Amino acid sequence: MSPRVDVSGPPLVRIEGVTRRFGPVVAVDRVSLDIPENAFYALLGPSGCGKTTLLRMIAGFEQPDEGRILLDGEDMTRVPPNRRPVNMVFQSYAVFPHMTVWKNVAYGLEVTGVPQGEIRRRVEEALALVRLEGMEARRPHQLSGGQKQRVALARALVKRPRLLLLDEPLSALDRKLREDMQMELVRLRHEVGITFLLVTHDQDEALSMADRIAVMNAGRVLQVADPRTLYEQPRTRFVAEFIGTANLFEGRVVARCDGTVRVRMEDLGEVRLPAESVGNGTHLRLALRPEKWRVDPERPPAADLAVAARLVEMAYHGDTSRLHLEAGGRRLVAVVHNARRGGDPRLVPGARVWLGLAVADLVVLED
Ligand SMILES: Nc1ncnc2c1ncn2[C@@H]1O[C@H](COP(=O)(O)OP(=O)(O)OP(=O)(O)O)[C@@H](O)[C@H]1O
Ligand SMILES: [Mg+2]
């Protein structure tokens, strides 16, 4: 269960038409976003799309060329980083190598003159939150990558920021450790009541951790939604292909009646789709997620549409298999669960199969 995200009041962070240029490069391009208090918010996008630059502007290490950033309704333009209720954990986690774990975490409080007794209490609390009790006396070289990462997190948490900015904090970790840390972060968020803004280029990470995701490309925000909507209803081709895999089809509206249109799809045949304001002849692009196909050696009785295909290749992934298929001269991708149909011995390269789809699973894209 997620903690309640307050969307009624003003957002904790409001980004208003923010642009940041570096010479000819527009790193962040007219971005507007609202981040509600207590959200676990993710910024997702490919390398170089402006994620770190946006985070650095929220933290106050960079200034926007245009637009402004408000925290709790207050314009941050003239507020220096150390006066913002924000803490940032950087892309390459920074811990002081010559200090013990304890010192690393206490340091940020010591330099701001917090009394000793309180420092002790808060450091203990922060170390318990990231589960590093008993490691206080160690130095960073005596820790694993995941433990070092947790020291970096404790250093940020101990200062009790309203907003914690996490810039790809897990990218240096191996897969198992990364999954453990993902769960730790989700747990932490439940315990501490801090708003998290996580930057990542890993779609699985964003989908599994965040309750709201902004997808960025080339400095722009393309879509903001909860994970399910983003995956099930991508608005654009970029989002459809960046979040997961998509089979894309071109189609043309050939008839309309009562809020539905008949679309002739290249290589697929005709389907009827709900649509209000599209005229005859309109060109449409549609997407279908690979696990929505019903793959069957026999023609499926219940599908809205069935396509004959040839299985070209099959990649085994343990829980699922990914099938590369060819139908009418084009490549399609399907994913099957191995506990079910994937275990069918008739599914071998070269096999003739049927791909069934339900029209409701087709998503009409805007571009
Ligand atoms: N200080 C700078 N001077 C010049 N160009 C910069 C500077 N910082 C960032 N850029 C450019 O701005 C763009 C966005 O960079 P940014 O670091 O925000 O991307 P990112 O989304 O964080 O990428 P990654 O996933 O690789 O970390 C890139 O084209 C980058 O080269
Ligand atoms: Mg970055």
# chains A, B, ... in the order shown; residues from 1 in each chain; ligands from 1

call {"tool": "closest_atom_pairs", "arguments": {"of": "chain A", "to": "ligand 1", "cutoff": "6 Å", "atoms": "only C-alpha atoms and all ligand atoms", "output": "CSV"}}
result
residue,atom,partner,partner_atom_place_in_ligand_line,distance
A:Phe22,CA,ligand 1,4 (C),4.7
A:Ala27,CA,ligand 1,12 (O),4.1
A:Pro46,CA,ligand 1,25 (O),5.8
A:Ser47,CA,ligand 1,25 (O),3.4
A:Gly48,CA,ligand 1,19 (O),3.4
A:Cys49,CA,ligand 1,21 (O),4.0
A:Gly50,CA,ligand 1,18 (O),3.2
A:Lys51,CA,ligand 1,21 (O),3.8
A:Thr52,CA,ligand 1,22 (O),3.6
A:Thr53,CA,ligand 1,18 (O),3.7

call {"tool": "atom_distance", "arguments": {"atom1": "CA of Ala255 (chain A)", "atom2": "CA of Leu284 (chain A)"}}
result
13.2 Å

call {"tool": "select_by_dssp", "arguments": {"residues": "region 13-54 of chain A", "states": "strand (DSSP E)", "output": "ChimeraX atom specification"}}
result
/A:13-22,25-35,40-44

call {"tool": "atom_distance", "arguments": {"atom1": "CA of Arg264 (chain A)", "atom2": "CA of Glu291 (chain A)"}}
result
22.7 Å

call {"tool": "closest_residue", "arguments": {"among": "A:Arg30, A:Arg294, A:Arg175, A:Arg330", "to": "Asp267 (chain A)", "atoms": "only C-alpha atoms"}}
result
A:Arg330

call {"tool": "residues_around", "arguments": {"residues": "region 60-70 of chain A", "least_positions_apart": "2", "cutoff": "7 Å", "atoms": "only C-alpha atoms", "output": "list in words"}}
result
Val13, Arg14, Ile15, Glu16, Gly17, Val18, Thr19, Arg20, Arg21, Arg56, Met57, Ile58, Asp72, Gly73, Glu74, Asp75, Met76, Thr77, Pro80 and Pro81 of chain A

call {"tool": "write_last_selection", "arguments": {"atoms": "N, CA and C atoms", "output": "CSV table (one decimal), in the first residue's frame"}}
result
chain,number,residue,atom,x,y,z
A,13,VAL,N,6.9,20.7,-5.1
A,13,VAL,CA,7.7,21.3,-6.1
A,13,VAL,C,6.9,21.7,-7.3
A,14,ARG,N,7.0,22.9,-7.8
A,14,ARG,CA,6.4,23.3,-9.0
A,14,ARG,C,7.5,23.9,-10.0
A,15,ILE,N,7.5,23.2,-11.1
A,15,ILE,CA,8.5,23.6,-12.1
A,15,ILE,C,7.7,24.3,-13.2
A,16,GLU,N,8.0,25.6,-13.5
A,16,GLU,CA,7.2,26.4,-14.4
A,16,GLU,C,8.0,26.8,-15.6
A,17,GLY,N,7.7,26.2,-16.7
A,17,GLY,CA,8.3,26.6,-18.0
A,17,GLY,C,9.8,26.8,-17.9
A,18,VAL,N,10.5,25.8,-17.4
A,18,VAL,CA,12.0,25.9,-17.1
A,18,VAL,C,12.8,25.5,-18.4
A,19,THR,N,13.7,26.4,-18.8
A,19,THR,CA,14.6,26.1,-19.9
A,19,THR,C,16.0,26.3,-19.4
A,20,ARG,N,17.0,25.4,-19.8
A,20,ARG,CA,18.4,25.6,-19.4
A,20,ARG,C,19.2,25.3,-20.6
A,21,ARG,N,20.0,26.2,-21.1
A,21,ARG,CA,20.9,26.0,-22.2
A,21,ARG,C,22.3,26.0,-21.8
A,56,ARG,N,19.6,19.3,-10.8
A,56,ARG,CA,20.6,20.3,-10.3
A,56,ARG,C,19.9,21.7,-10.1
A,57,MET,N,19.0,22.0,-11.0
A,57,MET,CA,18.2,23.2,-10.9
A,57,MET,C,17.3,23.2,-9.6
A,58,ILE,N,16.7,22.1,-9.4
A,58,ILE,CA,15.8,22.0,-8.2
A,58,ILE,C,16.7,22.1,-6.9
A,72,ASP,N,7.2,24.5,-2.1
A,72,ASP,CA,6.2,24.9,-1.2
A,72,ASP,C,5.6,26.2,-1.5
A,73,GLY,N,5.4,26.5,-2.7
A,73,GLY,CA,4.9,27.8,-3.1
A,73,GLY,C,5.9,29.0,-3.1
A,74,GLU,N,7.1,28.7,-2.7
A,74,GLU,CA,8.1,29.8,-2.6
A,74,GLU,C,9.0,29.8,-3.8
A,75,ASP,N,9.2,30.9,-4.5
A,75,ASP,CA,10.1,31.0,-5.6
A,75,ASP,C,11.6,30.8,-5.1
A,76,MET,N,12.3,29.8,-5.7
A,76,MET,CA,13.6,29.4,-5.2
A,76,MET,C,14.7,30.2,-6.0
A,77,THR,N,14.3,31.0,-6.9
A,77,THR,CA,15.4,31.6,-7.8
A,77,THR,C,16.6,32.2,-7.0
A,80,PRO,N,20.0,30.0,-2.2
A,80,PRO,CA,21.1,29.1,-2.4
A,80,PRO,C,20.9,27.6,-2.0
A,81,PRO,N,21.6,26.7,-2.6
A,81,PRO,CA,21.4,25.3,-2.3
A,81,PRO,C,21.3,24.9,-0.8

call {"tool": "residues_around", "arguments": {"residues": "Val221 (chain A)", "least_positions_apart": "3", "cutoff": "9 Å", "atoms": "only C-alpha atoms", "output": "PDB file with C-alpha atoms, in the first residue's frame"}}
result
ATOM      1  CA  ASP A  29      13.383  22.732 -22.797  1.00  0.00           C
ATOM      2  CA  ARG A  30      10.269  24.466 -21.393  1.00  0.00           C
ATOM      3  CA  VAL A  31       9.576  21.874 -18.723  1.00  0.00           C
ATOM      4  CA  SER A  32       6.594  22.266 -16.405  1.00  0.00           C
ATOM      5  CA  LEU A  33       5.929  19.696 -13.680  1.00  0.00           C
ATOM      6  CA  ALA A 214       7.671  11.837 -16.118  1.00  0.00           C
ATOM      7  CA  VAL A 215       9.174  10.567 -19.372  1.00  0.00           C
ATOM      8  CA  MET A 216      11.728  12.923 -20.906  1.00  0.00           C
ATOM      9  CA  ASN A 217      13.409  13.055 -24.271  1.00  0.00           C
ATOM     10  CA  ALA A 218      15.706  15.742 -25.677  1.00  0.00           C
ATOM     11  CA  VAL A 224       3.439  12.230 -16.999  1.00  0.00           C
TER      12      VAL A 224
END

call {"tool": "closest_residue", "arguments": {"among": "A:Ile35, A:Leu54, A:Leu12, A:Leu164", "to": "ligand 2", "atoms": "only C-alpha atoms and all ligand atoms"}}
result
A:Leu54

call {"tool": "closest_residue", "arguments": {"among": "A:Ala126, A:Val199, A:Ala42, A:Leu165", "to": "ligand 2", "atoms": "only C-alpha atoms and all ligand atoms"}}
result
A:Val199

call {"tool": "closest_atom_pairs", "arguments": {"of": "region 177-242 of chain A", "to": "region 86-107 of chain A", "cutoff": "12 Å", "atoms": "only C-alpha atoms", "output": "CSV"}}
result
residue,atom,partner,partner_atom,distance
A:Ile194,CA,A:Val86,CA,10.1
A:Thr195,CA,A:Val86,CA,9.6
A:Phe196,CA,A:Asn87,CA,10.0
A:Leu197,CA,A:Met88,CA,9.4
A:Leu198,CA,A:Val89,CA,9.6
A:Val199,CA,A:Gln91,CA,9.0
A:Thr200,CA,A:Gln91,CA,9.6
A:His201,CA,A:Gln91,CA,11.7

call {"tool": "write_last_selection", "arguments": {"atoms": "N, CA and C atoms", "output": "PDB file, in the first residue's frame"}}
result
ATOM      1  N   ILE A 194       9.296  11.434   3.375  1.00  0.00           N
ATOM      2  CA  ILE A 194      10.045  12.395   2.560  1.00  0.00           C
ATOM      3  C   ILE A 194       9.565  12.223   1.117  1.00  0.00           C
ATOM      4  N   THR A 195       9.518  13.310   0.380  1.00  0.00           N
ATOM      5  CA  THR A 195       9.184  13.210  -1.039  1.00  0.00           C
ATOM      6  C   THR A 195      10.444  12.795  -1.808  1.00  0.00           C
ATOM      7  N   PHE A 196      10.318  11.782  -2.641  1.00  0.00           N
ATOM      8  CA  PHE A 196      11.467  11.282  -3.403  1.00  0.00           C
ATOM      9  C   PHE A 196      11.323  11.686  -4.866  1.00  0.00           C
ATOM     10  N   LEU A 197      12.424  12.173  -5.422  1.00  0.00           N
ATOM     11  CA  LEU A 197      12.486  12.375  -6.868  1.00  0.00           C
ATOM     12  C   LEU A 197      13.676  11.584  -7.385  1.00  0.00           C
ATOM     13  N   LEU A 198      13.367  10.531  -8.108  1.00  0.00           N
ATOM     14  CA  LEU A 198      14.389   9.588  -8.556  1.00  0.00           C
ATOM     15  C   LEU A 198      14.633   9.753 -10.047  1.00  0.00           C
ATOM     16  N   VAL A 199      15.895   9.908 -10.407  1.00  0.00           N
ATOM     17  CA  VAL A 199      16.244   9.953 -11.825  1.00  0.00           C
ATOM     18  C   VAL A 199      16.761   8.595 -12.244  1.00  0.00           C
ATOM     19  N   THR A 200      16.272   8.107 -13.350  1.00  0.00           N
ATOM     20  CA  THR A 200      16.761   6.812 -13.813  1.00  0.00           C
ATOM     21  C   THR A 200      16.592   6.702 -15.324  1.00  0.00           C
ATOM     22  N   HIS A 201      17.421   5.867 -15.960  1.00  0.00           N
ATOM     23  CA  HIS A 201      17.127   5.570 -17.360  1.00  0.00           C
ATOM     24  C   HIS A 201      16.657   4.126 -17.495  1.00  0.00           C
TER      25      HIS A 201
END

call {"tool": "residues_around", "arguments": {"residues": "Leu173 (chain A)", "least_positions_apart": "2", "cutoff": "12 Å", "atoms": "only C-alpha atoms", "output": "VMD selection string"}}
result
chain A and resid 91 to 93 144 to 150 168 to 171 175 to 182

call {"tool": "atom_distance", "arguments": {"atom1": "CA of Leu332 (chain A)", "atom2": "CA of Val359 (chain A)"}}
result
16.5 Å

call {"tool": "residues_around", "arguments": {"residues": "Leu288 (chain A)", "least_positions_apart": "6", "cutoff": "10 Å", "atoms": "only C-alpha atoms", "output": "PyMOL selection string"}}
result
chain A and resi 232+240+245-249+332-334+357-364

call {"tool": "write_last_selection", "arguments": {"atoms": "C-alpha atoms", "output": "PDB file, in the first residue's frame"}}
result
ATOM      1  CA  GLU A 232      -0.835   0.541 -21.016  1.00  0.00           C
ATOM      2  CA  ALA A 240       5.615   3.226 -26.305  1.00  0.00           C
ATOM      3  CA  THR A 245       8.561  -3.075 -26.306  1.00  0.00           C
ATOM      4  CA  ALA A 246       5.802  -2.232 -28.756  1.00  0.00           C
ATOM      5  CA  ASN A 247       4.597  -3.769 -32.009  1.00  0.00           C
ATOM      6  CA  LEU A 248       3.704  -0.786 -34.199  1.00  0.00           C
ATOM      7  CA  PHE A 249       1.143  -0.785 -36.990  1.00  0.00           C
ATOM      8  CA  LEU A 332       6.591  -8.974 -34.692  1.00  0.00           C
ATOM      9  CA  VAL A 333       7.482  -9.608 -31.062  1.00  0.00           C
ATOM     10  CA  ALA A 334       5.471 -11.641 -28.595  1.00  0.00           C
ATOM     11  CA  LEU A 357      -5.294 -10.092 -30.458  1.00  0.00           C
ATOM     12  CA  ALA A 358      -8.158  -8.324 -28.743  1.00  0.00           C
ATOM     13  CA  VAL A 359      -8.864  -4.964 -30.366  1.00  0.00           C
ATOM     14  CA  ALA A 360      -9.183  -3.370 -26.907  1.00  0.00           C
ATOM     15  CA  ASP A 361      -5.458  -4.001 -26.414  1.00  0.00           C
ATOM     16  CA  LEU A 362      -4.489  -1.801 -29.369  1.00  0.00           C
ATOM     17  CA  VAL A 363      -3.367   1.696 -28.378  1.00  0.00           C
ATOM     18  CA  VAL A 364      -3.789   4.581 -30.790  1.00  0.00           C
TER      19      VAL A 364
END

call {"tool": "select_by_dssp", "arguments": {"residues": "region 97-309 of chain A", "states": "helix (DSSP H, G or I)", "output": "PyMOL selection string"}}
result
chain A and resi 101-110+116-129+140-142+145-157+175-192+203-209+227-232+237-242+290-292

call {"tool": "write_last_selection", "arguments": {"atoms": "C-alpha atoms", "output": "CSV table (one decimal), in the first residue's frame"}}
result
chain,number,residue,atom,x,y,z
A,101,VAL,CA,30.6,5.2,8.4
A,102,TRP,CA,29.6,7.1,11.5
A,103,LYS,CA,31.7,10.2,10.6
A,104,ASN,CA,30.4,10.2,7.1
A,105,VAL,CA,26.8,10.4,8.3
A,106,ALA,CA,27.4,12.8,11.2
A,107,TYR,CA,29.5,15.2,9.1
A,108,GLY,CA,26.7,17.2,7.6
A,109,LEU,CA,25.2,17.8,11.0
A,110,GLU,CA,28.5,18.7,12.7
A,116,GLN,CA,26.3,16.4,20.1
A,117,GLY,CA,23.4,14.5,21.7
A,118,GLU,CA,21.1,15.2,18.8
A,119,ILE,CA,23.7,14.2,16.3
A,120,ARG,CA,24.1,10.9,18.1
A,121,ARG,CA,20.4,10.3,18.0
A,122,ARG,CA,19.9,11.2,14.4
A,123,VAL,CA,22.9,9.3,13.1
A,124,GLU,CA,21.7,6.2,14.9
A,125,GLU,CA,18.3,6.7,13.4
A,126,ALA,CA,19.6,7.2,9.9
A,127,LEU,CA,21.9,4.2,10.1
A,128,ALA,CA,19.0,2.0,11.3
A,129,LEU,CA,16.9,3.2,8.4
A,140,PRO,CA,34.3,2.9,2.9
A,141,HIS,CA,36.9,0.5,1.5
A,142,GLN,CA,35.6,-2.1,4.0
A,145,GLY,CA,29.0,-1.2,-3.2
A,146,GLY,CA,25.5,-1.5,-1.9
A,147,GLN,CA,26.6,-0.6,1.6
A,148,LYS,CA,28.5,2.4,0.4
A,149,GLN,CA,25.4,3.5,-1.4
A,150,ARG,CA,23.5,3.2,1.8
A,151,VAL,CA,26.0,5.4,3.6
A,152,ALA,CA,25.4,8.0,0.9
A,153,LEU,CA,21.7,7.7,1.5
A,154,ALA,CA,22.0,7.9,5.3
A,155,ARG,CA,24.1,11.1,4.8
A,156,ALA,CA,21.2,12.6,2.9
A,157,LEU,CA,18.5,11.3,5.2
A,175,ARG,CA,21.3,-6.5,-10.6
A,176,LYS,CA,20.5,-8.4,-7.4
A,177,LEU,CA,21.8,-5.6,-5.2
A,178,ARG,CA,19.9,-3.1,-7.2
A,179,GLU,CA,16.7,-5.0,-6.7
A,180,ASP,CA,17.4,-5.1,-2.9
A,181,MET,CA,18.1,-1.4,-2.8
A,182,GLN,CA,15.0,-0.6,-4.8
A,183,MET,CA,12.9,-2.4,-2.2
A,184,GLU,CA,14.8,-0.6,0.6
A,185,LEU,CA,14.1,2.8,-1.0
A,186,VAL,CA,10.4,2.0,-1.3
A,187,ARG,CA,10.3,0.9,2.3
A,188,LEU,CA,12.3,4.0,3.5
A,189,ARG,CA,9.8,6.2,1.7
A,190,HIS,CA,7.0,4.6,3.7
A,191,GLU,CA,8.9,5.1,7.0
A,192,VAL,CA,10.3,8.7,6.7
A,203,GLN,CA,12.3,1.7,-17.1
A,204,ASP,CA,11.8,-1.3,-14.8
A,205,GLU,CA,13.2,0.7,-11.9
A,206,ALA,CA,10.8,3.5,-12.6
A,207,LEU,CA,7.8,1.3,-13.1
A,208,SER,CA,8.3,-0.8,-10.0
A,209,MET,CA,9.3,2.0,-7.6
A,227,PRO,CA,3.2,3.4,-14.1
A,228,ARG,CA,0.3,1.4,-15.3
A,229,THR,CA,-1.1,4.2,-17.5
A,230,LEU,CA,2.3,4.9,-19.0
A,231,TYR,CA,2.7,1.3,-19.9
A,232,GLU,CA,-0.8,0.5,-21.0
A,237,ARG,CA,5.7,6.3,-30.2
A,238,PHE,CA,8.7,7.4,-28.2
A,239,VAL,CA,7.0,6.5,-24.9
A,240,ALA,CA,5.6,3.2,-26.3
A,241,GLU,CA,9.1,2.1,-27.4
A,242,PHE,CA,11.1,3.5,-24.4
A,290,PRO,CA,4.1,-8.1,-26.9
A,291,GLU,CA,2.5,-10.0,-24.0
A,292,LYS,CA,-1.0,-9.1,-25.4

call {"tool": "closest_residue", "arguments": {"among": "A:Gln223, A:Asn38, A:Thr282, A:Ser277", "to": "Val253 (chain A)", "atoms": "only C-alpha atoms"}}
result
A:Thr282

call {"tool": "closest_residue", "arguments": {"among": "A:Ala287, A:Val271, A:Gly318, A:Trp354", "to": "Ala306 (chain A)", "atoms": "only C-alpha atoms"}}
result
A:Trp354
